[in-house]
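Engineer: To start, I am sharing the structure in question, which I have written as structure tokens.
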Amino acid sequence: MNLIEKSLAVNELFKDLAIETQQFNEQSHLKCLSGCGKCCANPSVPATVLEFLPLAFEFYHSGLAEGILAQLEAAGEDSYCIVLNQMTIAGRGGLCSHYSHRGLICRLFGSSARRNREGKKELITCKLIKEDQSKQYQIVSAAIQNGLEIPGSADYYTRLFAIDFHLAEQQYPINLAIRKALEAVFSFYYYIEGEAV
Ligand code: SF4
Ligand code: SF4
């Protein structure tokens, strides 16, 4: 697979996840707090290069790539995700400006499960939802134990590894992952153009 094909494969994975996530969300009735983007306002969100290839191609084809790369190069280690539109007080709220191209971590958080030390499935979500919707959170947690279908985080990472282990094995702070994805796209087109000469 070349880089474009890998990006398309990631998009296929996202489509499958969207179907599973929608089914889970319809059953769980858990919802993010209105206007909240607190989980995005964290420079340490861990992400892989591969999950941000679709976003990097989108930046490239919309002519935004060079400007975004310059912003990423200037961003400090404590900068929030470059894609986050901050609306309110820093760290308290914001919206994803490229929601349809967000990464795997962004899609799994709040709508997927991992196995805990006892091997039981547990919902991966934030403290705000656990506190704000505590009763429903308990109901959903029990339902998951009793077989409620929910996307498995590990399953989706396994699928990501299968597309390109090298681009998926390492987790970086989110802006660094986006930057590396953009650099990979630039290198890809540089190589293609070099071939065409
Ligand atoms: S998952 Fe939690 S922190 Fe993130 S947007 Fe939803 S409510 Fe806010
Ligand atoms: S890509 Fe969007 S959803 Fe993911 S961390 Fe950045 S702003 Fe949040």
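Each chain in the structure tokens gets a letter, A, B, ..., in the order shown, and its residues are numbered from 1; ligands are numbered from 1 in order too.
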What residues of the protein or nucleic acid chains come within 6 Å of ligand 2 when you use only C-alpha atoms and all ligand atoms? Reply as a PyMOL selection string.
Structural biologist: chain A and resi 40+81+83-84+96+99+102-103+106
Engineer: Just want the residues within 6 Å of ligand 1, written as JSON, numbers by chain, counting only C-alpha atoms and all ligand atoms.
Structural biologist: {"A": [32, 33, 36, 37, 38, 39, 110, 125, 126, 128, 129]}
Engineer: Take the residues that were just selected and, keeping C-alpha atoms, output them as a PDB file, in the first residue's frame.
Structural biologist:
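Resulting contents of out10.pdb:
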```
ATOM      1  CA  CYS A  32     -20.932  14.906  26.197  1.00  0.00           C
ATOM      2  CA  LEU A  33     -21.651  18.088  28.115  1.00  0.00           C
ATOM      3  CA  CYS A  36     -17.462  20.885  26.191  1.00  0.00           C
ATOM      4  CA  GLY A  37     -14.111  20.148  24.572  1.00  0.00           C
ATOM      5  CA  LYS A  38     -12.094  19.646  27.670  1.00  0.00           C
ATOM      6  CA  CYS A  39     -10.600  16.329  26.612  1.00  0.00           C
ATOM      7  CA  GLY A 110     -16.201   8.116  25.390  1.00  0.00           C
ATOM      8  CA  THR A 125     -14.718   8.045  29.283  1.00  0.00           C
ATOM      9  CA  CYS A 126     -14.094  11.228  31.224  1.00  0.00           C
ATOM     10  CA  LEU A 128     -17.199  14.867  33.731  1.00  0.00           C
ATOM     11  CA  ILE A 129     -19.546  12.297  32.205  1.00  0.00           C
TER      12      ILE A 129
END
```
Engineer: Hey, which of A:Leu95, A:Ile150, A:Ala162, A:Ala143 ends up closest to Gln23 in chain A? Count only C-alpha atoms.
Structural biologist: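 Result for the nearest residue to Gln23 in chain A: A:Ile150.
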Engineer: Give me the residues near range 172-189 of chain A as number ranges by chain, where near means some atom within 10 Å (using only C-alpha atoms) and where sequence neighbours in that chain fewer than 6 positions away do not count.
Structural biologist: A: 2-4, 40, 42-60, 65-66, 68-73, 75-83, 103, 105, 195
Engineer: Emit the selected residues as a PDB file, in the first residue's frame, including C-alpha atoms.
Structural biologist:
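So the final result, stored in result_2.pdb, reads:
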```
ATOM      1  CA  ASN A   2       1.213   3.508  -0.738  1.00  0.00           C
ATOM      2  CA  LEU A   3       0.464   6.396   1.613  1.00  0.00           C
ATOM      3  CA  ILE A   4      -2.809   7.335  -0.094  1.00  0.00           C
ATOM      4  CA  CYS A  40      -9.196  18.066  23.505  1.00  0.00           C
ATOM      5  CA  ASN A  42      -4.845  18.591  26.682  1.00  0.00           C
ATOM      6  CA  PRO A  43      -1.472  18.721  24.927  1.00  0.00           C
ATOM      7  CA  SER A  44      -0.707  15.176  26.035  1.00  0.00           C
ATOM      8  CA  VAL A  45      -3.484  13.459  24.081  1.00  0.00           C
ATOM      9  CA  PRO A  46      -1.588  10.422  22.729  1.00  0.00           C
ATOM     10  CA  ALA A  47      -1.892   9.731  19.025  1.00  0.00           C
ATOM     11  CA  THR A  48      -0.229   7.848  16.196  1.00  0.00           C
ATOM     12  CA  VAL A  49       0.928   9.249  12.879  1.00  0.00           C
ATOM     13  CA  LEU A  50      -1.251   6.821  10.937  1.00  0.00           C
ATOM     14  CA  GLU A  51      -4.566   7.896  12.449  1.00  0.00           C
ATOM     15  CA  PHE A  52      -3.883  11.468  11.310  1.00  0.00           C
ATOM     16  CA  LEU A  53      -3.000  10.688   7.685  1.00  0.00           C
ATOM     17  CA  PRO A  54      -6.558  11.474   6.506  1.00  0.00           C
ATOM     18  CA  LEU A  55      -6.355  14.881   8.212  1.00  0.00           C
ATOM     19  CA  ALA A  56      -2.891  15.518   6.752  1.00  0.00           C
ATOM     20  CA  PHE A  57      -4.112  14.707   3.226  1.00  0.00           C
ATOM     21  CA  GLU A  58      -7.104  16.987   3.805  1.00  0.00           C
ATOM     22  CA  PHE A  59      -4.773  19.831   4.810  1.00  0.00           C
ATOM     23  CA  TYR A  60      -2.577  19.146   1.785  1.00  0.00           C
ATOM     24  CA  ALA A  65      -0.693  22.188   4.840  1.00  0.00           C
ATOM     25  CA  GLU A  66       2.211  24.641   4.752  1.00  0.00           C
ATOM     26  CA  ILE A  68      -0.468  24.339   9.529  1.00  0.00           C
ATOM     27  CA  LEU A  69       3.028  22.871   9.447  1.00  0.00           C
ATOM     28  CA  ALA A  70       4.490  26.283  10.293  1.00  0.00           C
ATOM     29  CA  GLN A  71       2.038  26.585  13.215  1.00  0.00           C
ATOM     30  CA  LEU A  72       2.958  23.105  14.416  1.00  0.00           C
ATOM     31  CA  GLU A  73       6.668  23.881  14.215  1.00  0.00           C
ATOM     32  CA  ALA A  75       3.815  25.294  18.809  1.00  0.00           C
ATOM     33  CA  GLY A  76       5.275  24.511  22.194  1.00  0.00           C
ATOM     34  CA  GLU A  77       5.059  21.150  23.919  1.00  0.00           C
ATOM     35  CA  ASP A  78       2.208  22.473  26.046  1.00  0.00           C
ATOM     36  CA  SER A  79       0.075  23.610  23.074  1.00  0.00           C
ATOM     37  CA  TYR A  80      -3.372  22.119  22.635  1.00  0.00           C
ATOM     38  CA  CYS A  81      -4.325  20.199  19.516  1.00  0.00           C
ATOM     39  CA  ILE A  82      -3.844  22.497  16.521  1.00  0.00           C
ATOM     40  CA  VAL A  83      -7.309  21.573  15.287  1.00  0.00           C
ATOM     41  CA  GLY A 103      -8.004  10.815  14.909  1.00  0.00           C
ATOM     42  CA  ILE A 105      -8.200   8.385  19.846  1.00  0.00           C
ATOM     43  CA  GLU A 195       9.403  10.239 -10.138  1.00  0.00           C
TER      44      GLU A 195
END
```
Engineer: I'd like the contact shell of Met1 in chain A - 10 Å cut-off, only C-alpha atoms, skipping same-chain residues fewer than 6 positions apart - returned as a JSON list (two decimals) with N, CA and C atoms, in the first residue's frame.
Structural biologist:
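Listing of selection.json after writing:
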```json
[["chain", "number", "residue", "atom", "x", "y", "z"],
["A", 7, "SER", "N", -4.10, 5.83, 3.92],
["A", 7, "SER", "CA", -5.05, 6.82, 4.44],
["A", 7, "SER", "C", -6.49, 6.37, 4.17],
["A", 9, "ALA", "N", -7.47, 3.30, 3.86],
["A", 9, "ALA", "CA", -7.74, 2.17, 4.76],
["A", 9, "ALA", "C", -8.09, 2.68, 6.16],
["A", 163, "ILE", "N", -2.64, -1.97, 9.19],
["A", 163, "ILE", "CA", -2.50, -1.10, 8.00],
["A", 163, "ILE", "C", -1.04, -0.70, 7.82],
["A", 164, "ASP", "N", -0.40, -0.26, 8.88],
["A", 164, "ASP", "CA", 1.05, 0.05, 8.83],
["A", 164, "ASP", "C", 1.59, 0.07, 10.26]]
```
Engineer: If you run DSSP on the backbone here, which positions in range 71-188 of chain A get strand (DSSP E or B)? Please write them as an MDAnalysis selection string.
Structural biologist: chainID A and resid 84:86 94:96 112:115 121:124 152 172:173
Engineer: Leaving out Asp16 in chain A and any residue of its chain fewer than 6 positions from it, which residues lie within 12 Å of it when counting only C-alpha atoms, given as a PDB file with all heavy atoms, in the first residue's frame?
Structural biologist:
```
ATOM      1  N   ALA A   9      -7.467   3.303   3.861  1.00  0.00           N
ATOM      2  CA  ALA A   9      -7.741   2.172   4.758  1.00  0.00           C
ATOM      3  C   ALA A   9      -8.091   2.676   6.160  1.00  0.00           C
ATOM      4  O   ALA A   9      -8.965   2.110   6.834  1.00  0.00           O
ATOM      5  CB  ALA A   9      -6.531   1.241   4.810  1.00  0.00           C
ATOM      6  N   VAL A  10      -7.432   3.734   6.589  1.00  0.00           N
ATOM      7  CA  VAL A  10      -7.769   4.320   7.897  1.00  0.00           C
ATOM      8  C   VAL A  10      -9.198   4.870   7.855  1.00  0.00           C
ATOM      9  O   VAL A  10      -9.975   4.695   8.803  1.00  0.00           O
ATOM     10  CB  VAL A  10      -6.763   5.433   8.280  1.00  0.00           C
ATOM     11  CG1 VAL A  10      -7.210   6.162   9.543  1.00  0.00           C
ATOM     12  CG2 VAL A  10      -5.369   4.843   8.479  1.00  0.00           C
ATOM     13  N   GLN A  22     -22.242   4.605  16.731  1.00  0.00           N
ATOM     14  CA  GLN A  22     -23.617   5.111  16.692  1.00  0.00           C
ATOM     15  C   GLN A  22     -24.565   4.137  17.405  1.00  0.00           C
ATOM     16  O   GLN A  22     -25.431   4.545  18.174  1.00  0.00           O
ATOM     17  CB  GLN A  22     -24.052   5.305  15.237  1.00  0.00           C
ATOM     18  CG  GLN A  22     -25.421   5.976  15.149  1.00  0.00           C
ATOM     19  CD  GLN A  22     -25.892   6.163  13.719  1.00  0.00           C
ATOM     20  OE1 GLN A  22     -25.154   5.930  12.768  1.00  0.00           O
ATOM     21  NE2 GLN A  22     -27.123   6.573  13.571  1.00  0.00           N
ATOM     22  N   GLN A  23     -24.356   2.841  17.153  1.00  0.00           N
ATOM     23  CA  GLN A  23     -25.215   1.840  17.803  1.00  0.00           C
ATOM     24  C   GLN A  23     -25.061   1.911  19.320  1.00  0.00           C
ATOM     25  O   GLN A  23     -26.034   1.869  20.070  1.00  0.00           O
ATOM     26  CB  GLN A  23     -24.850   0.432  17.301  1.00  0.00           C
ATOM     27  CG  GLN A  23     -25.337   0.189  15.880  1.00  0.00           C
ATOM     28  CD  GLN A  23     -24.730  -1.066  15.249  1.00  0.00           C
ATOM     29  OE1 GLN A  23     -23.812  -1.664  15.796  1.00  0.00           O
ATOM     30  NE2 GLN A  23     -25.217  -1.433  14.090  1.00  0.00           N
ATOM     31  N   LEU A 104      -8.136   8.526  15.625  1.00  0.00           N
ATOM     32  CA  LEU A 104      -8.777   7.356  16.239  1.00  0.00           C
ATOM     33  C   LEU A 104      -9.023   7.583  17.722  1.00  0.00           C
ATOM     34  O   LEU A 104     -10.095   7.258  18.239  1.00  0.00           O
ATOM     35  CB  LEU A 104      -7.885   6.118  16.025  1.00  0.00           C
ATOM     36  CG  LEU A 104      -8.434   4.807  16.584  1.00  0.00           C
ATOM     37  CD1 LEU A 104      -9.776   4.446  15.950  1.00  0.00           C
ATOM     38  CD2 LEU A 104      -7.432   3.669  16.379  1.00  0.00           C
ATOM     39  N   ARG A 107     -12.089   9.427  18.380  1.00  0.00           N
ATOM     40  CA  ARG A 107     -13.314   8.677  18.084  1.00  0.00           C
ATOM     41  C   ARG A 107     -13.606   7.621  19.143  1.00  0.00           C
ATOM     42  O   ARG A 107     -14.766   7.287  19.391  1.00  0.00           O
ATOM     43  CB  ARG A 107     -13.186   7.991  16.705  1.00  0.00           C
ATOM     44  CG  ARG A 107     -13.100   8.992  15.573  1.00  0.00           C
ATOM     45  CD  ARG A 107     -12.604   8.342  14.287  1.00  0.00           C
ATOM     46  NE  ARG A 107     -12.180   9.363  13.346  1.00  0.00           N
ATOM     47  CZ  ARG A 107     -12.904   9.838  12.340  1.00  0.00           C
ATOM     48  NH1 ARG A 107     -14.094   9.337  12.106  1.00  0.00           N
ATOM     49  NH2 ARG A 107     -12.458  10.797  11.554  1.00  0.00           N
ATOM     50  N   PRO A 151     -17.707  -0.673  20.885  1.00  0.00           N
ATOM     51  CA  PRO A 151     -16.431  -0.832  20.169  1.00  0.00           C
ATOM     52  C   PRO A 151     -15.303  -1.153  21.150  1.00  0.00           C
ATOM     53  O   PRO A 151     -15.227  -0.580  22.241  1.00  0.00           O
ATOM     54  CB  PRO A 151     -16.217   0.545  19.525  1.00  0.00           C
ATOM     55  CG  PRO A 151     -17.570   1.152  19.424  1.00  0.00           C
ATOM     56  CD  PRO A 151     -18.343   0.635  20.610  1.00  0.00           C
ATOM     57  N   GLY A 152     -14.451  -2.088  20.757  1.00  0.00           N
ATOM     58  CA  GLY A 152     -13.298  -2.450  21.587  1.00  0.00           C
ATOM     59  C   GLY A 152     -12.090  -1.628  21.154  1.00  0.00           C
ATOM     60  O   GLY A 152     -11.673  -1.702  19.988  1.00  0.00           O
ATOM     61  N   ASP A 155      -9.274  -3.642  19.670  1.00  0.00           N
ATOM     62  CA  ASP A 155      -9.568  -4.188  18.338  1.00  0.00           C
ATOM     63  C   ASP A 155      -9.229  -3.166  17.256  1.00  0.00           C
ATOM     64  O   ASP A 155      -8.685  -3.508  16.208  1.00  0.00           O
ATOM     65  CB  ASP A 155     -11.063  -4.544  18.219  1.00  0.00           C
ATOM     66  CG  ASP A 155     -11.470  -5.619  19.207  1.00  0.00           C
ATOM     67  OD1 ASP A 155     -10.576  -6.344  19.681  1.00  0.00           O
ATOM     68  OD2 ASP A 155     -12.667  -5.714  19.516  1.00  0.00           O
ATOM     69  N   TYR A 156      -9.587  -1.917  17.526  1.00  0.00           N
ATOM     70  CA  TYR A 156      -9.340  -0.886  16.510  1.00  0.00           C
ATOM     71  C   TYR A 156      -7.853  -0.555  16.400  1.00  0.00           C
ATOM     72  O   TYR A 156      -7.358  -0.278  15.300  1.00  0.00           O
ATOM     73  CB  TYR A 156     -10.222   0.345  16.763  1.00  0.00           C
ATOM     74  CG  TYR A 156     -11.600   0.108  16.209  1.00  0.00           C
ATOM     75  CD1 TYR A 156     -12.612  -0.419  17.007  1.00  0.00           C
ATOM     76  CD2 TYR A 156     -11.866   0.309  14.856  1.00  0.00           C
ATOM     77  CE1 TYR A 156     -13.855  -0.710  16.477  1.00  0.00           C
ATOM     78  CE2 TYR A 156     -13.109   0.026  14.317  1.00  0.00           C
ATOM     79  CZ  TYR A 156     -14.103  -0.479  15.129  1.00  0.00           C
ATOM     80  OH  TYR A 156     -15.331  -0.774  14.581  1.00  0.00           O
ATOM     81  N   ARG A 159      -6.365  -3.207  14.252  1.00  0.00           N
ATOM     82  CA  ARG A 159      -6.626  -2.948  12.830  1.00  0.00           C
ATOM     83  C   ARG A 159      -5.719  -1.844  12.300  1.00  0.00           C
ATOM     84  O   ARG A 159      -5.257  -1.886  11.164  1.00  0.00           O
ATOM     85  CB  ARG A 159      -8.092  -2.550  12.624  1.00  0.00           C
ATOM     86  CG  ARG A 159      -9.029  -3.745  12.645  1.00  0.00           C
ATOM     87  CD  ARG A 159     -10.445  -3.362  12.305  1.00  0.00           C
ATOM     88  NE  ARG A 159     -10.577  -2.770  10.983  1.00  0.00           N
ATOM     89  CZ  ARG A 159     -11.727  -2.315  10.497  1.00  0.00           C
ATOM     90  NH1 ARG A 159     -12.835  -2.412  11.225  1.00  0.00           N
ATOM     91  NH2 ARG A 159     -11.789  -1.787   9.290  1.00  0.00           N
TER      92      ARG A 159
END
```
Engineer: If you count only C-alpha atoms, which residues fall within 12 Å of Val140 in chain A, apart from same-chain ones fewer than 6 positions away, as a PDB file with N, CA and C atoms, in the first residue's frame?
Structural biologist:
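Below you can see around_19.pdb, which holds the result:
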```pdb
ATOM      1  N   PHE A  24     -23.799   2.036  19.759  1.00  0.00           N
ATOM      2  CA  PHE A  24     -23.569   2.111  21.204  1.00  0.00           C
ATOM      3  C   PHE A  24     -24.200   3.376  21.790  1.00  0.00           C
ATOM      4  N   ASN A  25     -23.993   4.508  21.124  1.00  0.00           N
ATOM      5  CA  ASN A  25     -24.505   5.772  21.663  1.00  0.00           C
ATOM      6  C   ASN A  25     -26.034   5.774  21.745  1.00  0.00           C
ATOM      7  N   GLU A  26     -26.678   5.134  20.759  1.00  0.00           N
ATOM      8  CA  GLU A  26     -28.149   5.068  20.783  1.00  0.00           C
ATOM      9  C   GLU A  26     -28.641   4.244  21.971  1.00  0.00           C
ATOM     10  N   GLN A  27     -27.842   3.250  22.348  1.00  0.00           N
ATOM     11  CA  GLN A  27     -28.237   2.393  23.476  1.00  0.00           C
ATOM     12  C   GLN A  27     -27.859   3.008  24.818  1.00  0.00           C
ATOM     13  N   SER A  28     -26.728   3.688  24.846  1.00  0.00           N
ATOM     14  CA  SER A  28     -26.194   4.113  26.151  1.00  0.00           C
ATOM     15  C   SER A  28     -26.832   5.400  26.675  1.00  0.00           C
ATOM     16  N   HIS A  29     -27.237   6.280  25.753  1.00  0.00           N
ATOM     17  CA  HIS A  29     -27.801   7.589  26.110  1.00  0.00           C
ATOM     18  C   HIS A  29     -26.829   8.452  26.920  1.00  0.00           C
ATOM     19  N   LEU A  30     -25.552   8.123  26.906  1.00  0.00           N
ATOM     20  CA  LEU A  30     -24.564   9.008  27.542  1.00  0.00           C
ATOM     21  C   LEU A  30     -24.200  10.086  26.531  1.00  0.00           C
ATOM     22  N   GLY A 110     -14.797   7.912  25.033  1.00  0.00           N
ATOM     23  CA  GLY A 110     -16.201   8.116  25.390  1.00  0.00           C
ATOM     24  C   GLY A 110     -17.147   7.098  24.764  1.00  0.00           C
ATOM     25  N   SER A 111     -16.649   6.338  23.773  1.00  0.00           N
ATOM     26  CA  SER A 111     -17.541   5.403  23.071  1.00  0.00           C
ATOM     27  C   SER A 111     -16.890   4.051  22.825  1.00  0.00           C
ATOM     28  N   SER A 112     -15.952   3.682  23.662  1.00  0.00           N
ATOM     29  CA  SER A 112     -15.309   2.382  23.470  1.00  0.00           C
ATOM     30  C   SER A 112     -14.950   1.811  24.841  1.00  0.00           C
ATOM     31  N   ALA A 113     -14.535   0.547  24.814  1.00  0.00           N
ATOM     32  CA  ALA A 113     -14.201  -0.118  26.077  1.00  0.00           C
ATOM     33  C   ALA A 113     -12.809  -0.721  26.008  1.00  0.00           C
ATOM     34  N   LYS A 121     -14.689  -5.676  30.709  1.00  0.00           N
ATOM     35  CA  LYS A 121     -14.748  -4.497  29.836  1.00  0.00           C
ATOM     36  C   LYS A 121     -15.165  -3.283  30.648  1.00  0.00           C
ATOM     37  N   GLU A 122     -14.500  -2.157  30.420  1.00  0.00           N
ATOM     38  CA  GLU A 122     -14.952  -0.913  31.059  1.00  0.00           C
ATOM     39  C   GLU A 122     -14.928   0.218  30.044  1.00  0.00           C
ATOM     40  N   LEU A 123     -15.927   1.084  30.185  1.00  0.00           N
ATOM     41  CA  LEU A 123     -16.073   2.213  29.270  1.00  0.00           C
ATOM     42  C   LEU A 123     -14.914   3.184  29.461  1.00  0.00           C
ATOM     43  N   ILE A 124     -14.333   3.624  28.355  1.00  0.00           N
ATOM     44  CA  ILE A 124     -13.295   4.653  28.425  1.00  0.00           C
ATOM     45  C   ILE A 124     -14.006   6.002  28.291  1.00  0.00           C
ATOM     46  N   THR A 125     -14.051   6.745  29.361  1.00  0.00           N
ATOM     47  CA  THR A 125     -14.718   8.045  29.283  1.00  0.00           C
ATOM     48  C   THR A 125     -14.120   9.002  30.301  1.00  0.00           C
ATOM     49  N   ILE A 129     -18.372  13.130  32.525  1.00  0.00           N
ATOM     50  CA  ILE A 129     -19.546  12.297  32.205  1.00  0.00           C
ATOM     51  C   ILE A 129     -19.859  11.374  33.378  1.00  0.00           C
ATOM     52  N   LYS A 130     -18.816  10.812  33.987  1.00  0.00           N
ATOM     53  CA  LYS A 130     -19.051   9.914  35.133  1.00  0.00           C
ATOM     54  C   LYS A 130     -19.786  10.640  36.256  1.00  0.00           C
ATOM     55  N   GLN A 133     -23.523  12.296  34.722  1.00  0.00           N
ATOM     56  CA  GLN A 133     -24.553  11.297  34.377  1.00  0.00           C
ATOM     57  C   GLN A 133     -24.251  10.009  35.156  1.00  0.00           C
ATOM     58  N   SER A 134     -24.007  10.167  36.450  1.00  0.00           N
ATOM     59  CA  SER A 134     -23.466   9.046  37.232  1.00  0.00           C
ATOM     60  C   SER A 134     -24.415   7.832  37.232  1.00  0.00           C
ATOM     61  N   ASN A 146     -22.749  -7.102  30.927  1.00  0.00           N
ATOM     62  CA  ASN A 146     -23.746  -8.119  30.561  1.00  0.00           C
ATOM     63  C   ASN A 146     -23.911  -8.273  29.053  1.00  0.00           C
ATOM     64  N   GLY A 147     -22.960  -7.725  28.314  1.00  0.00           N
ATOM     65  CA  GLY A 147     -22.947  -8.011  26.881  1.00  0.00           C
ATOM     66  C   GLY A 147     -23.380  -6.894  25.957  1.00  0.00           C
ATOM     67  N   LEU A 148     -23.661  -5.691  26.481  1.00  0.00           N
ATOM     68  CA  LEU A 148     -23.999  -4.575  25.580  1.00  0.00           C
ATOM     69  C   LEU A 148     -22.840  -4.380  24.600  1.00  0.00           C
ATOM     70  N   GLU A 149     -23.179  -4.317  23.308  1.00  0.00           N
ATOM     71  CA  GLU A 149     -22.140  -4.158  22.282  1.00  0.00           C
ATOM     72  C   GLU A 149     -21.497  -2.783  22.385  1.00  0.00           C
ATOM     73  N   ILE A 150     -20.185  -2.768  22.342  1.00  0.00           N
ATOM     74  CA  ILE A 150     -19.444  -1.504  22.407  1.00  0.00           C
ATOM     75  C   ILE A 150     -18.136  -1.693  21.629  1.00  0.00           C
TER      76      ILE A 150
END
```
Engineer: So which bits of range 18-122 of chain A end up alpha helix (DSSP H) when you DSSP the backbone, as a PyMOL selection string?
Structural biologist: chain A and resi 18-28+53-61+65-74+104-108
Engineer: Go ahead and write the selection's residues with N, CA, C and O atoms as a compact mmCIF listing (two decimals), in the first residue's frame.
Structural biologist:
```txt
# COMPACT_ATOMS: atom_id res chain seq x y z
N ALA A 18 -17.59 4.23 13.16
CA ALA A 18 -18.74 5.15 13.27
C ALA A 18 -20.05 4.37 13.39
O ALA A 18 -20.94 4.74 14.15
N ILE A 19 -20.15 3.26 12.65
CA ILE A 19 -21.38 2.44 12.72
C ILE A 19 -21.52 1.85 14.13
O ILE A 19 -22.57 1.93 14.75
N GLU A 20 -20.43 1.28 14.62
CA GLU A 20 -20.47 0.65 15.95
C GLU A 20 -20.73 1.70 17.04
O GLU A 20 -21.46 1.45 18.00
N THR A 21 -20.08 2.85 16.88
CA THR A 21 -20.22 3.91 17.88
C THR A 21 -21.66 4.44 17.93
O THR A 21 -22.22 4.66 19.00
N GLN A 22 -22.24 4.60 16.73
CA GLN A 22 -23.62 5.11 16.69
C GLN A 22 -24.57 4.14 17.41
O GLN A 22 -25.43 4.55 18.17
N GLN A 23 -24.36 2.84 17.15
CA GLN A 23 -25.21 1.84 17.80
C GLN A 23 -25.06 1.91 19.32
O GLN A 23 -26.03 1.87 20.07
N PHE A 24 -23.80 2.04 19.76
CA PHE A 24 -23.57 2.11 21.20
C PHE A 24 -24.20 3.38 21.79
O PHE A 24 -24.87 3.32 22.83
N ASN A 25 -23.99 4.51 21.12
CA ASN A 25 -24.50 5.77 21.66
C ASN A 25 -26.03 5.77 21.75
O ASN A 25 -26.61 6.34 22.67
N GLU A 26 -26.68 5.13 20.76
CA GLU A 26 -28.15 5.07 20.78
C GLU A 26 -28.64 4.24 21.97
O GLU A 26 -29.71 4.51 22.52
N GLN A 27 -27.84 3.25 22.35
CA GLN A 27 -28.24 2.39 23.48
C GLN A 27 -27.86 3.01 24.82
O GLN A 27 -28.56 2.84 25.81
N SER A 28 -26.73 3.69 24.85
CA SER A 28 -26.19 4.11 26.15
C SER A 28 -26.83 5.40 26.67
O SER A 28 -26.92 5.60 27.88
N LEU A 53 -3.26 10.55 9.13
CA LEU A 53 -3.00 10.69 7.69
C LEU A 53 -4.19 11.29 6.95
O LEU A 53 -3.99 12.18 6.10
N PRO A 54 -5.44 10.85 7.23
CA PRO A 54 -6.56 11.47 6.51
C PRO A 54 -6.62 13.00 6.73
O PRO A 54 -6.87 13.75 5.78
N LEU A 55 -6.36 13.44 7.94
CA LEU A 55 -6.35 14.88 8.21
C LEU A 55 -5.21 15.56 7.45
O LEU A 55 -5.39 16.64 6.87
N ALA A 56 -4.04 14.92 7.43
CA ALA A 56 -2.89 15.52 6.75
C ALA A 56 -3.15 15.63 5.25
O ALA A 56 -2.84 16.67 4.64
N PHE A 57 -3.76 14.62 4.65
CA PHE A 57 -4.11 14.71 3.23
C PHE A 57 -5.15 15.81 3.00
O PHE A 57 -5.10 16.53 2.00
N GLU A 58 -6.10 15.93 3.91
CA GLU A 58 -7.10 16.99 3.80
C GLU A 58 -6.44 18.37 3.84
O GLU A 58 -6.74 19.24 3.03
N PHE A 59 -5.51 18.55 4.76
CA PHE A 59 -4.77 19.83 4.81
C PHE A 59 -4.02 20.07 3.50
O PHE A 59 -4.00 21.18 2.97
N TYR A 60 -3.39 19.02 3.00
CA TYR A 60 -2.58 19.15 1.78
C TYR A 60 -3.46 19.57 0.61
O TYR A 60 -3.14 20.51 -0.11
N HIS A 61 -4.56 18.88 0.43
CA HIS A 61 -5.41 19.13 -0.75
C HIS A 61 -6.22 20.42 -0.63
O HIS A 61 -6.70 20.94 -1.64
N ALA A 65 -1.74 22.99 4.21
CA ALA A 65 -0.69 22.19 4.84
C ALA A 65 0.53 23.01 5.27
O ALA A 65 1.03 22.84 6.39
N GLU A 66 0.99 23.91 4.40
CA GLU A 66 2.21 24.64 4.75
C GLU A 66 1.99 25.55 5.96
O GLU A 66 2.83 25.64 6.84
N GLY A 67 0.83 26.22 5.98
CA GLY A 67 0.52 27.10 7.12
C GLY A 67 0.38 26.31 8.42
O GLY A 67 0.87 26.73 9.47
N ILE A 68 -0.27 25.18 8.33
CA ILE A 68 -0.47 24.34 9.53
C ILE A 68 0.88 23.81 10.01
O ILE A 68 1.16 23.79 11.22
N LEU A 69 1.72 23.41 9.06
CA LEU A 69 3.03 22.87 9.45
C LEU A 69 3.84 23.96 10.16
O LEU A 69 4.50 23.69 11.18
N ALA A 70 3.77 25.18 9.65
CA ALA A 70 4.49 26.28 10.29
C ALA A 70 3.96 26.50 11.71
O ALA A 70 4.73 26.71 12.66
N GLN A 71 2.63 26.43 11.86
CA GLN A 71 2.04 26.58 13.21
C GLN A 71 2.50 25.46 14.14
O GLN A 71 2.79 25.69 15.31
N LEU A 72 2.55 24.25 13.59
CA LEU A 72 2.96 23.11 14.42
C LEU A 72 4.43 23.22 14.82
O LEU A 72 4.81 22.86 15.94
N GLU A 73 5.25 23.74 13.90
CA GLU A 73 6.67 23.88 14.21
C GLU A 73 6.88 24.94 15.29
O GLU A 73 7.80 24.86 16.10
N ALA A 74 5.98 25.95 15.30
CA ALA A 74 6.11 27.02 16.29
C ALA A 74 5.45 26.66 17.62
O ALA A 74 5.72 27.29 18.65
N LEU A 104 -8.14 8.53 15.63
CA LEU A 104 -8.78 7.36 16.24
C LEU A 104 -9.02 7.58 17.72
O LEU A 104 -10.09 7.26 18.24
N ILE A 105 -8.04 8.15 18.41
CA ILE A 105 -8.20 8.38 19.85
C ILE A 105 -9.43 9.26 20.12
O ILE A 105 -10.18 9.02 21.06
N CYS A 106 -9.64 10.25 19.25
CA CYS A 106 -10.77 11.17 19.43
C CYS A 106 -12.10 10.44 19.24
O CYS A 106 -13.11 10.81 19.83
N ARG A 107 -12.09 9.43 18.38
CA ARG A 107 -13.31 8.68 18.08
C ARG A 107 -13.61 7.62 19.14
O ARG A 107 -14.77 7.29 19.39
N LEU A 108 -12.54 7.08 19.73
CA LEU A 108 -12.73 6.00 20.72
C LEU A 108 -13.09 6.54 22.10
O LEU A 108 -13.82 5.90 22.85
```
